[in-house]
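> To start, I am sharing the structure in question, which I have written as structure tokens.
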Amino acid sequence: MPDVFRISNHRAPGHAVPRKEGLIERRQGSGTFVCDLGRSTSSHAPLASFVRRTVDIAKPTKLVVKEYGFVRPPKYVYDALKTERDERVLRVVRLRVQGKLPVLHLTVFLPQDIGRSFSSADFAATSLLSLMQHAGHVHHRVEMGCGAALADPITAKALRVTIGAPLVEIKRLAFDASGRPIEFLIALAPPDRYQVRMSFGPGPGPDFDAELVS
């Protein structure tokens, strides 16, 4: 079992700003996002706490697959996964639904050789963490960034929020024991439905916590 994962907290501007100022960027099919301006802080936490909370959050929800297919990814994805520019990767868009309310919009990118192990039905039935573990792709290290985004028309419709509504944005990059990136995930959620917290104490590192907001 891996040791730690890293969390980065990115500061977002407190008001809307024009795209030309370089503070926000629009990603087709994903939404409008705060640009990475290099102002972030990092913390290290035991990966076990991340795994535990991920499993706990999945229990009261069900998965709905919205899109599944192999695509040529945008630059930020192939940079993260360290794939060749013309190499296709698997892209899957899912919703986590609690009751009838969508709480998380999840877009995952997997390298082609890993993605071919899974069908659309697999993603509708099982969490990504379980799928990867059962296929032998164990998370050894995880980097996770917490930021903010604005809901575009597609995401707004999926999450049942207004266009331009503020969203929590989680970007997660997972590595195997060899250091190879094996998964890049973007999660979007309304802040009144999903929260991430860190607990700091006298131990070797902070504890990670996340919850669905009732």
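Just so we're on the same page: first chain in the structure tokens is A, next is B, and so on; residues restart at 1 for each chain, and ligands are numbered from 1 in the order they show up.
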Within 10 Å of Val71 of chain A, counting only C-alpha atoms, which residues qualify if same-chain residues fewer than 6 places away don't, as number ranges by chain?
A: 86-92, 109, 112
> If you count only C-alpha atoms, which residues fall within 12 Å of Thr83 of chain A, apart from same-chain ones fewer than 3 positions away, as a compact mmCIF listing (two decimals) with N, CA, C and O atoms, in the first residue's frame?

# COMPACT_ATOMS: atom_id res chain seq x y z
N ARG A 72 -8.39 11.80 -28.41
CA ARG A 72 -7.11 12.50 -28.30
C ARG A 72 -7.29 13.58 -27.24
O ARG A 72 -8.08 14.49 -27.42
N PRO A 73 -6.57 13.50 -26.15
CA PRO A 73 -6.86 14.39 -25.01
C PRO A 73 -6.29 15.78 -25.21
O PRO A 73 -5.38 15.99 -26.01
N PRO A 74 -6.79 16.75 -24.45
CA PRO A 74 -6.18 18.08 -24.46
C PRO A 74 -4.78 18.02 -23.84
O PRO A 74 -4.43 17.05 -23.17
N LYS A 75 -4.01 19.08 -24.07
CA LYS A 75 -2.61 19.10 -23.68
C LYS A 75 -2.41 18.84 -22.19
O LYS A 75 -1.49 18.11 -21.80
N TYR A 76 -3.24 19.44 -21.36
CA TYR A 76 -3.03 19.28 -19.91
C TYR A 76 -3.19 17.83 -19.47
O TYR A 76 -2.62 17.41 -18.46
N VAL A 77 -3.96 17.04 -20.23
CA VAL A 77 -4.15 15.63 -19.89
C VAL A 77 -2.95 14.80 -20.34
O VAL A 77 -2.41 14.00 -19.57
N TYR A 78 -2.51 14.97 -21.60
CA TYR A 78 -1.38 14.13 -22.03
C TYR A 78 -0.09 14.55 -21.34
O TYR A 78 0.81 13.73 -21.15
N ASP A 79 -0.02 15.81 -20.90
CA ASP A 79 1.14 16.21 -20.09
C ASP A 79 1.12 15.48 -18.75
O ASP A 79 2.15 15.01 -18.25
N ALA A 80 -0.07 15.38 -18.14
CA ALA A 80 -0.19 14.72 -16.84
C ALA A 80 0.08 13.23 -16.95
O ALA A 80 0.79 12.65 -16.12
N ASP A 86 -0.27 12.15 -30.11
CA ASP A 86 -1.27 11.57 -31.00
C ASP A 86 -1.88 10.28 -30.45
O ASP A 86 -2.67 9.62 -31.12
N GLU A 87 -1.52 9.92 -29.22
CA GLU A 87 -2.05 8.69 -28.62
C GLU A 87 -3.42 8.94 -28.01
O GLU A 87 -3.63 9.91 -27.28
N ARG A 88 -4.34 8.06 -28.30
CA ARG A 88 -5.67 8.17 -27.73
C ARG A 88 -5.69 7.62 -26.30
O ARG A 88 -4.94 6.70 -25.99
N VAL A 89 -6.52 8.21 -25.48
CA VAL A 89 -6.70 7.74 -24.11
C VAL A 89 -8.19 7.49 -23.90
O VAL A 89 -9.04 8.00 -24.63
N LEU A 90 -8.51 6.70 -22.88
CA LEU A 90 -9.91 6.48 -22.56
C LEU A 90 -10.43 7.66 -21.73
O LEU A 90 -9.82 8.04 -20.73
N PHE A 109 -9.49 10.15 -17.25
CA PHE A 109 -8.69 9.80 -18.42
C PHE A 109 -7.72 8.70 -18.01
O PHE A 109 -7.02 8.82 -16.99
N LEU A 110 -7.68 7.62 -18.79
CA LEU A 110 -6.77 6.51 -18.53
C LEU A 110 -5.91 6.25 -19.76
O LEU A 110 -6.40 6.35 -20.89
N PRO A 111 -4.63 5.89 -19.58
CA PRO A 111 -3.81 5.50 -20.72
C PRO A 111 -4.49 4.38 -21.51
O PRO A 111 -5.23 3.56 -20.94
N GLN A 112 -4.23 4.35 -22.80
CA GLN A 112 -4.95 3.44 -23.68
C GLN A 112 -4.84 1.97 -23.24
O GLN A 112 -5.83 1.24 -23.22
N ASP A 113 -3.63 1.52 -22.87
CA ASP A 113 -3.46 0.11 -22.51
C ASP A 113 -4.24 -0.25 -21.26
O ASP A 113 -4.73 -1.38 -21.11
N ARG A 180 4.76 5.56 -12.84
CA ARG A 180 4.00 5.85 -14.05
C ARG A 180 2.64 6.44 -13.71
O ARG A 180 1.92 5.91 -12.87
N PRO A 181 2.22 7.54 -14.37
CA PRO A 181 0.87 8.05 -14.17
C PRO A 181 -0.14 7.07 -14.77
O PRO A 181 -0.02 6.66 -15.93
N ILE A 182 -1.12 6.65 -13.98
CA ILE A 182 -2.08 5.65 -14.45
C ILE A 182 -3.51 6.16 -14.48
O ILE A 182 -4.39 5.47 -15.00
N GLU A 183 -3.75 7.36 -13.99
CA GLU A 183 -5.13 7.86 -13.92
C GLU A 183 -5.12 9.36 -13.69
O GLU A 183 -4.38 9.86 -12.86
N PHE A 184 -5.93 10.08 -14.47
CA PHE A 184 -6.12 11.51 -14.25
C PHE A 184 -7.61 11.77 -14.17
O PHE A 184 -8.35 11.46 -15.10
> Have a look at A:Ala151, A:Pro191, A:His139, A:Ser127 and name the one nearest to Ile163 of chain A; count only C-alpha atoms.
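Closest to Ile163 of chain A, using only C-alpha atoms: A:Ala151.
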> Check segment 58-128 of chain A with DSSP on the backbone and list each residue it calls strand (DSSP E or B), as an MDAnalysis selection string.
chainID A and resid 62:71 89:98 101:110
> Can you tell me how far atom CA of Val93 of chain A sits from atom CA of Asp122 of chain A, in Å to one decimal?
12.8 Å
> I need the residue nearest His140 of chain A from this list: A:Ala174, A:Ile114, A:Val168, A:Val108. Use only C-alpha atoms for the distance.
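With only C-alpha atoms as the atom set, the closest residue is A:Ala174.
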> Distance atom CA of Leu63 of chain A-atom CA of Leu101 of chain A, one decimal place?
11.6 Å
> What is the atom CA of Leu185 of chain A to atom CA of Ile170 of chain A distance in Å?
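Those two atoms sit 7.9 Å apart.
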> Which one of A:Gly179, A:Gly145, A:Pro60, A:Pro153 sits closest to Ala165 of chain A if you count only C-alpha atoms?
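Among the listed residues, A:Pro153 lies closest to Ala165 of chain A.
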> My list of candidates is A:Gly164, A:Leu188, A:His137, A:Gly147. Which is closest to Gly115 of chain A when distances are computed with only C-alpha atoms?
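Looking at the shortest contact to Gly115 of chain A, the residue is A:His137.
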> When distances are computed from only C-alpha atoms, which of A:Glu143, A:Thr162, A:Ile186, A:Ala135 shows the smallest separation from Arg94 of chain A?
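The shortest atom-to-atom distance to Arg94 of chain A comes from A:Ile186.
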> Point out the residue among A:Lys171, A:Lys66, A:Lys59, A:Arg116 with the least atom-to-atom distance to Met132 of chain A, counting only C-alpha atoms.
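The closest residue to Met132 of chain A is A:Arg116.
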